[in-house]
$ cat model_0.cif   # mmCIF, C-alpha atoms
data_work
#
loop_
_atom_site.group_PDB
_atom_site.id
_atom_site.type_symbol
_atom_site.label_atom_id
_atom_site.label_comp_id
_atom_site.auth_asym_id
_atom_site.auth_seq_id
_atom_site.Cartn_x
_atom_site.Cartn_y
_atom_site.Cartn_z
ATOM 1 C CA MET A 1 116.786 75.365 138.784
ATOM 2 C CA PRO A 2 116.115 72.571 136.217
ATOM 3 C CA ALA A 3 117.846 73.017 132.839
ATOM 4 C CA MET A 4 114.552 73.241 130.953
ATOM 5 C CA ASP A 5 113.299 76.025 133.252
ATOM 6 C CA SER A 6 116.543 77.925 132.661
ATOM 7 C CA VAL A 7 116.094 77.692 128.887
ATOM 8 C CA VAL A 8 112.471 78.904 129.098
ATOM 9 C CA LEU A 9 113.514 81.805 131.320
ATOM 10 C CA LEU A 10 116.333 82.780 128.940
ATOM 11 C CA LEU A 11 114.012 82.673 125.904
ATOM 12 C CA SER A 12 111.468 84.785 127.773
ATOM 13 C CA VAL A 13 114.087 87.436 128.540
ATOM 14 C CA VAL A 14 115.317 87.461 124.920
ATOM 15 C CA CYS A 15 111.753 87.759 123.544
ATOM 16 C CA LEU A 16 110.995 90.528 125.999
ATOM 17 C CA GLY A 17 114.109 92.379 124.876
ATOM 18 C CA VAL A 18 113.190 92.047 121.193
ATOM 19 C CA SER A 19 109.618 93.160 121.904
ATOM 20 C CA SER A 20 110.835 96.161 123.907
ATOM 21 C CA GLN A 21 113.201 97.143 121.082
ATOM 22 C CA GLN A 22 110.355 96.950 118.546
ATOM 23 C CA ILE A 23 108.173 99.152 120.738
ATOM 24 C CA THR A 24 111.022 101.648 121.176
ATOM 25 C CA ASP A 25 111.592 101.807 117.399
ATOM 26 C CA SER A 26 107.860 102.279 116.768
ATOM 27 C CA GLN A 27 107.665 104.995 119.406
ATOM 28 C CA ARG A 28 110.556 106.813 117.740
ATOM 29 C CA LEU A 29 108.909 106.591 114.309
ATOM 30 C CA PHE A 30 105.581 107.720 115.752
ATOM 31 C CA SER A 31 107.216 110.679 117.493
ATOM 32 C CA ILE A 32 108.785 111.810 114.209
ATOM 33 C CA ALA A 33 105.492 111.394 112.338
ATOM 34 C CA VAL A 34 103.486 113.272 114.984
ATOM 35 C CA ASN A 35 106.028 116.115 115.002
ATOM 36 C CA ARG A 36 105.832 116.385 111.207
ATOM 37 C CA VAL A 37 102.052 116.436 111.010
ATOM 38 C CA THR A 38 101.856 118.903 113.914
ATOM 39 C CA HIS A 39 104.077 121.250 111.927
ATOM 40 C CA LEU A 40 101.943 120.750 108.811
ATOM 41 C CA HIS A 41 98.796 121.490 110.811
ATOM 42 C CA LEU A 42 100.362 124.702 112.105
ATOM 43 C CA LEU A 43 101.315 125.699 108.552
ATOM 44 C CA ALA A 44 97.744 124.971 107.424
ATOM 45 C CA GLN A 45 96.325 127.091 110.230
ATOM 46 C CA ARG A 46 98.658 129.962 109.375
ATOM 47 C CA LEU A 47 97.849 129.860 105.636
ATOM 48 C CA PHE A 48 94.125 129.784 106.360
ATOM 49 C CA SER A 49 94.360 132.582 108.940
ATOM 50 C CA ASP A 50 96.410 134.770 106.572
ATOM 51 C CA PHE A 51 93.859 134.276 103.800
ATOM 52 C CA GLU A 52 90.897 134.989 106.085
ATOM 53 C CA SER A 53 92.495 138.197 107.313
ATOM 54 C CA SER A 54 92.694 139.423 103.709
ATOM 55 C CA LEU A 55 88.905 139.112 103.269
ATOM 56 C CA GLN A 56 86.137 141.518 104.065
ATOM 57 C CA THR A 57 83.860 140.535 106.981
ATOM 58 C CA GLU A 58 80.943 139.768 104.663
ATOM 59 C CA GLU A 59 83.150 137.666 102.397
ATOM 60 C CA GLN A 60 84.298 135.627 105.401
ATOM 61 C CA ARG A 61 80.712 135.083 106.519
ATOM 62 C CA GLN A 62 79.518 133.975 103.091
ATOM 63 C CA LEU A 63 82.462 131.663 102.455
ATOM 64 C CA ASN A 64 82.155 130.062 105.872
ATOM 65 C CA LYS A 65 78.447 129.492 105.291
ATOM 66 C CA ILE A 66 79.128 127.864 101.908
ATOM 67 C CA PHE A 67 81.927 125.686 103.278
ATOM 68 C CA LEU A 68 79.731 124.329 106.076
ATOM 69 C CA GLN A 69 77.315 123.050 103.417
ATOM 70 C CA ASP A 70 80.048 121.689 101.170
ATOM 71 C CA PHE A 71 82.403 118.718 101.341
ATOM 72 C CA CYS A 72 86.124 118.177 101.088
ATOM 73 C CA ASN A 73 87.418 115.806 98.431
ATOM 74 C CA SER A 74 88.933 113.650 101.160
ATOM 75 C CA ASP A 75 85.490 113.018 102.652
ATOM 76 C CA TYR A 76 85.263 109.988 100.360
ATOM 77 C CA ILE A 77 87.925 108.389 102.578
ATOM 78 C CA ILE A 78 86.010 106.491 105.244
ATOM 79 C CA SER A 79 87.201 107.643 108.666
ATOM 80 C CA PRO A 80 85.929 107.666 112.277
ATOM 81 C CA ILE A 81 82.859 109.868 112.692
ATOM 82 C CA ASP A 82 83.707 111.016 116.217
ATOM 83 C CA LYS A 83 86.284 110.780 118.989
ATOM 84 C CA HIS A 84 84.730 107.615 120.428
ATOM 85 C CA GLU A 85 85.080 105.743 117.141
ATOM 86 C CA THR A 86 88.621 107.097 116.799
ATOM 87 C CA GLN A 87 89.566 105.649 120.170
ATOM 88 C CA ARG A 88 88.027 102.280 119.253
ATOM 89 C CA SER A 89 89.841 102.083 115.906
ATOM 90 C CA SER A 90 92.895 99.858 115.568
ATOM 91 C CA VAL A 91 96.373 101.316 115.156
ATOM 92 C CA LEU A 92 96.599 99.977 111.612
ATOM 93 C CA LYS A 93 93.241 101.476 110.669
ATOM 94 C CA LEU A 94 94.276 104.908 111.969
ATOM 95 C CA LEU A 95 97.589 104.654 110.115
ATOM 96 C CA SER A 96 95.896 103.587 106.869
ATOM 97 C CA ILE A 97 93.398 106.464 106.999
ATOM 98 C CA SER A 98 96.207 108.905 107.773
ATOM 99 C CA TYR A 99 98.190 107.584 104.806
ATOM 100 C CA ARG A 100 95.260 108.102 102.441
ATOM 101 C CA LEU A 101 94.565 111.607 103.765
ATOM 102 C CA VAL A 102 98.192 112.656 103.349
ATOM 103 C CA GLU A 103 98.422 111.129 99.885
ATOM 104 C CA SER A 104 95.222 112.874 98.786
ATOM 105 C CA TRP A 105 97.025 116.218 99.279
ATOM 106 C CA GLU A 106 100.186 115.522 97.290
ATOM 107 C CA PHE A 107 98.793 117.140 94.128
ATOM 108 C CA PRO A 108 96.310 119.732 95.548
ATOM 109 C CA SER A 109 98.947 121.105 97.947
ATOM 110 C CA ARG A 110 100.730 122.647 94.958
ATOM 111 C CA SER A 111 97.716 124.906 94.427
ATOM 112 C CA LEU A 112 97.554 126.265 97.974
ATOM 113 C CA SER A 113 97.713 130.029 98.126
ATOM 114 C CA GLY A 114 99.837 131.944 100.607
ATOM 115 C CA GLY A 115 103.412 133.070 101.058
ATOM 116 C CA SER A 116 105.883 131.076 98.994
ATOM 117 C CA SER A 117 108.122 130.459 102.022
ATOM 118 C CA LEU A 118 105.259 128.658 103.765
ATOM 119 C CA ARG A 119 103.803 126.980 100.687
ATOM 120 C CA ASN A 120 107.168 125.593 99.558
ATOM 121 C CA GLN A 121 107.532 123.726 102.852
ATOM 122 C CA ILE A 122 104.323 121.766 102.432
ATOM 123 C CA SER A 123 104.905 119.355 99.522
ATOM 124 C CA PRO A 124 108.247 117.961 100.765
ATOM 125 C CA ARG A 125 106.896 117.640 104.301
ATOM 126 C CA LEU A 126 103.845 115.759 103.014
ATOM 127 C CA SER A 127 106.134 113.358 101.138
ATOM 128 C CA GLU A 128 108.269 112.799 104.250
ATOM 129 C CA LEU A 129 105.172 112.207 106.378
ATOM 130 C CA LYS A 130 103.724 109.772 103.842
ATOM 131 C CA THR A 131 106.965 107.774 103.856
ATOM 132 C CA GLY A 132 107.043 107.717 107.650
ATOM 133 C CA ILE A 133 103.437 106.526 107.909
ATOM 134 C CA LEU A 134 104.136 103.764 105.374
ATOM 135 C CA LEU A 135 107.046 102.555 107.523
ATOM 136 C CA LEU A 136 104.733 102.474 110.536
ATOM 137 C CA ILE A 137 102.100 100.554 108.582
ATOM 138 C CA ARG A 138 104.660 97.949 107.554
ATOM 139 C CA ALA A 139 105.863 97.684 111.151
ATOM 140 C CA ASN A 140 102.287 96.997 112.258
ATOM 141 C CA GLN A 141 101.404 94.608 109.446
ATOM 142 C CA ASP A 142 100.978 91.670 111.782
ATOM 143 C CA GLU A 143 97.613 93.244 112.655
ATOM 144 C CA ALA A 144 96.353 92.758 109.085
ATOM 145 C CA GLU A 145 97.680 91.618 105.740
ATOM 146 C CA ASN A 146 97.017 94.724 103.665
ATOM 147 C CA TYR A 147 98.316 98.242 103.736
ATOM 148 C CA PRO A 148 97.496 101.105 101.361
ATOM 149 C CA ASP A 149 98.651 100.647 97.788
ATOM 150 C CA SER A 150 99.188 104.087 96.298
ATOM 151 C CA ASP A 151 98.678 102.747 92.763
ATOM 152 C CA ALA A 152 95.233 101.486 93.727
ATOM 153 C CA LEU A 153 94.007 104.840 95.008
ATOM 154 C CA GLN A 154 92.268 107.140 92.573
ATOM 155 C CA HIS A 155 91.407 110.679 93.520
ATOM 156 C CA ALA A 156 88.642 112.779 92.051
ATOM 157 C CA PRO A 157 89.266 116.448 91.221
ATOM 158 C CA TYR A 158 89.542 118.284 94.510
ATOM 159 C CA GLY A 159 86.136 119.388 95.823
ATOM 160 C CA ASN A 160 84.312 121.708 93.442
ATOM 161 C CA TYR A 161 87.570 122.901 91.944
ATOM 162 C CA TYR A 162 86.422 122.425 88.361
ATOM 163 C CA GLN A 163 82.809 123.391 88.882
ATOM 164 C CA SER A 164 81.535 126.768 87.701
ATOM 165 C CA LEU A 165 80.936 128.845 90.806
ATOM 166 C CA GLY A 166 80.221 132.273 89.372
ATOM 167 C CA GLY A 167 82.021 135.538 90.058
ATOM 168 C CA ASN A 168 83.520 134.468 93.400
ATOM 169 C CA GLU A 169 84.901 131.204 92.030
ATOM 170 C CA SER A 170 88.539 131.989 92.795
ATOM 171 C CA LEU A 171 87.810 133.111 96.352
ATOM 172 C CA ARG A 172 85.713 130.056 97.059
ATOM 173 C CA GLN A 173 88.265 127.673 95.558
ATOM 174 C CA THR A 174 91.026 129.158 97.681
ATOM 175 C CA TYR A 175 88.903 129.155 100.837
ATOM 176 C CA GLU A 176 87.798 125.541 100.315
ATOM 177 C CA LEU A 177 91.293 124.320 99.580
ATOM 178 C CA LEU A 178 92.841 125.966 102.642
ATOM 179 C CA ALA A 179 89.957 125.019 104.951
ATOM 180 C CA CYS A 180 90.016 121.391 103.820
ATOM 181 C CA PHE A 181 93.792 121.183 104.149
ATOM 182 C CA LYS A 182 93.581 122.485 107.711
ATOM 183 C CA LYS A 183 90.743 120.077 108.508
ATOM 184 C CA ASP A 184 92.589 117.043 107.116
ATOM 185 C CA MET A 185 95.900 117.829 108.825
ATOM 186 C CA HIS A 186 94.002 118.098 112.102
ATOM 187 C CA LYS A 187 92.496 114.658 111.438
ATOM 188 C CA VAL A 188 95.887 113.098 110.695
ATOM 189 C CA GLU A 189 97.417 114.727 113.779
ATOM 190 C CA THR A 190 94.613 113.283 115.929
ATOM 191 C CA TYR A 191 94.828 109.778 114.425
ATOM 192 C CA LEU A 192 98.621 109.556 114.724
ATOM 193 C CA THR A 193 98.572 110.897 118.281
ATOM 194 C CA VAL A 194 96.007 108.288 119.351
ATOM 195 C CA ALA A 195 97.895 105.497 117.541
ATOM 196 C CA LYS A 196 101.165 106.546 119.210
ATOM 197 C CA CYS A 197 99.486 106.595 122.607
ATOM 198 C CA ARG A 198 98.416 102.964 122.152
ATOM 199 C CA LEU A 199 102.063 101.917 122.493
ATOM 200 C CA SER A 200 101.950 103.027 126.134
ATOM 201 C CA PRO A 201 99.358 100.857 127.931
ATOM 202 C CA GLU A 202 99.521 103.037 131.031
ATOM 203 C CA ALA A 203 98.854 106.228 129.089
ATOM 204 C CA ASN A 204 95.470 107.937 128.998
ATOM 205 C CA CYS A 205 94.569 108.183 125.302
ATOM 206 C CA THR A 206 91.305 110.053 125.909
ATOM 207 C CA LEU A 207 90.670 112.796 123.349
#
$ encode --input "model_0.cif" --output "structure tokens"
Amino acid sequence: MPAMDSVVLLLSVVCLGVSSQQITDSQRLFSIAVNRVTHLHLLAQRLFSDFESSLQTEEQRQLNKIFLQDFCNSDYIISPIDKHETQRSSVLKLLSISYRLVESWEFPSRSLSGGSSLRNQISPRLSELKTGILLLIRANQDEAENYPDSDALQHAPYGNYYQSLGGNESLRQTYELLACFKKDMHKVETYLTVAKCRLSPEANCTL
């Protein structure tokens, strides 16, 4: 084999090894992030279910009706409108949206109702997840130059939290907060799962 061919072959093997290592590291980070958000989603489901079970049937019906007509504060964050757009979105886009969704809950999560043992797990887990997503964004920065700057993000008061809602204000605030938290953690879980799947070309990433 000519010397030049040997050098090219050696460089190819080295590059392949580096690339494989990068993919392995990203897969590990993604696995940790997906596990964390899955746990947060389960906590959100449990908090919401516990609150719903404490309501009368008519209260549940009315609150659900109101919530369907209302919006979550995080709805201002532009995200895929359906599963098809999610699957077409780039890894970096899914990571960036996930970062913003997680960050939007850092303050409101302190107001979530429910058992203290569950509630106290949420804020630190959100912080850990945010850090993990930021590491993944930086690892995928070759796809684009920018990643979320937390100082540049400004969040409005959560939903209708400061709006006068009448006699059932407290119930509605609690319902909205828990329902939106559950909804957003489901979004982040979906986006991170799809992004992680993209690292395996042979995998079926269909939602």
$ axis_aligned_box --input "model_0.cif" --around "segment 54-67 of chain A" --padding-each-side "3 Å" --output "lines of an AutoDock Vina configuration file"
center_x = 85.6
center_y = 133.6
center_z = 104.4
size_x = 20.2
size_y = 21.8
size_z = 11.1
$ closest_atom_pairs --input "model_0.cif" --of "segment 116-136 of chain A" --to "segment 84-99 of chain A" --cutoff "9 Å" --atoms "all atoms listed in the file" --output "tab-separated table"
residue	atom	partner	partner_atom	distance
A:Leu129	CA	A:Tyr99	CA	8.5
A:Lys130	CA	A:Tyr99	CA	6.0
A:Thr131	CA	A:Tyr99	CA	8.8
A:Ile133	CA	A:Tyr99	CA	6.2
A:Leu134	CA	A:Tyr99	CA	7.1
A:Leu136	CA	A:Leu95	CA	7.5
$ residues_around --input "model_0.cif" --residues "segment 55-59 of chain A" --least-positions-apart "3" --cutoff "12 Å" --atoms "all atoms listed in the file" --output "mmCIF file with C-alpha atoms, keeping the file's coordinate frame"
data_model
loop_
_atom_site.group_PDB
_atom_site.id
_atom_site.type_symbol
_atom_site.label_atom_id
_atom_site.label_comp_id
_atom_site.auth_asym_id
_atom_site.auth_seq_id
_atom_site.Cartn_x
_atom_site.Cartn_y
_atom_site.Cartn_z
ATOM 1 C CA PHE A 48 94.125 129.784 106.360
ATOM 2 C CA SER A 49 94.360 132.582 108.940
ATOM 3 C CA ASP A 50 96.410 134.770 106.572
ATOM 4 C CA PHE A 51 93.859 134.276 103.800
ATOM 5 C CA GLU A 52 90.897 134.989 106.085
ATOM 6 C CA GLN A 62 79.518 133.975 103.091
ATOM 7 C CA LEU A 63 82.462 131.663 102.455
ATOM 8 C CA ASN A 64 82.155 130.062 105.872
ATOM 9 C CA LYS A 65 78.447 129.492 105.291
ATOM 10 C CA ILE A 66 79.128 127.864 101.908
ATOM 11 C CA ASN A 168 83.520 134.468 93.400
ATOM 12 C CA LEU A 171 87.810 133.111 96.352
ATOM 13 C CA ARG A 172 85.713 130.056 97.059
ATOM 14 C CA THR A 174 91.026 129.158 97.681
ATOM 15 C CA TYR A 175 88.903 129.155 100.837
#
$ closest_residue --input "model_0.cif" --among "A:Gln45, A:Ser104, A:Ser79, A:Ser53" --to "Ser127 of chain A" --atoms "all atoms listed in the file"
A:Ser104
$ resolve_selection --input "model_0.cif" --expression "the PyMOL selection byres ((chain A and resi 43) around 9)" --output "list in words"
Thr38, His39, Leu40, His41, Leu42, Ala44, Gln45, Arg46, Leu47, Phe48, Leu118, Arg119, Gln121, Ile122 and Lys182 of chain A
$ atom_distance --input "model_0.cif" --atom1 "atom CA of Asp25 of chain A" --atom2 "atom CA of Leu192 of chain A"
15.3 Å
$ atom_distance --input "model_0.cif" --atom1 "atom CA of Ser31 of chain A" --atom2 "atom CA of Ser113 of chain A"
29.0 Å
$ atom_distance --input "model_0.cif" --atom1 "atom CA of Val102 of chain A" --atom2 "atom CA of Lys196 of chain A"
17.3 Å
$ closest_residue --input "model_0.cif" --among "A:Ser111, A:Ser200, A:Asn73, A:Ser117" --to "Cys180 of chain A" --atoms "all atoms listed in the file"
A:Asn73
$ closest_residue --input "model_0.cif" --among "A:Arg110, A:Tyr191, A:Ser26, A:Glu176" --to "Gln60 of chain A" --atoms "all atoms listed in the file"
A:Glu176
$ closest_residue --input "model_0.cif" --among "A:Ala139, A:Gln173, A:Arg100, A:Glu189" --to "Tyr76 of chain A" --atoms "all atoms listed in the file"
A:Arg100
$ closest_residue --input "model_0.cif" --among "A:Ile137, A:Ala195, A:Cys72, A:Ile81" --to "Ala179 of chain A" --atoms "only C-alpha atoms"
A:Cys72
$ closest_residue --input "model_0.cif" --among "A:Ser170, A:Leu135, A:Pro124, A:Ser74" --to "Leu29 of chain A" --atoms "only C-alpha atoms"
A:Leu135
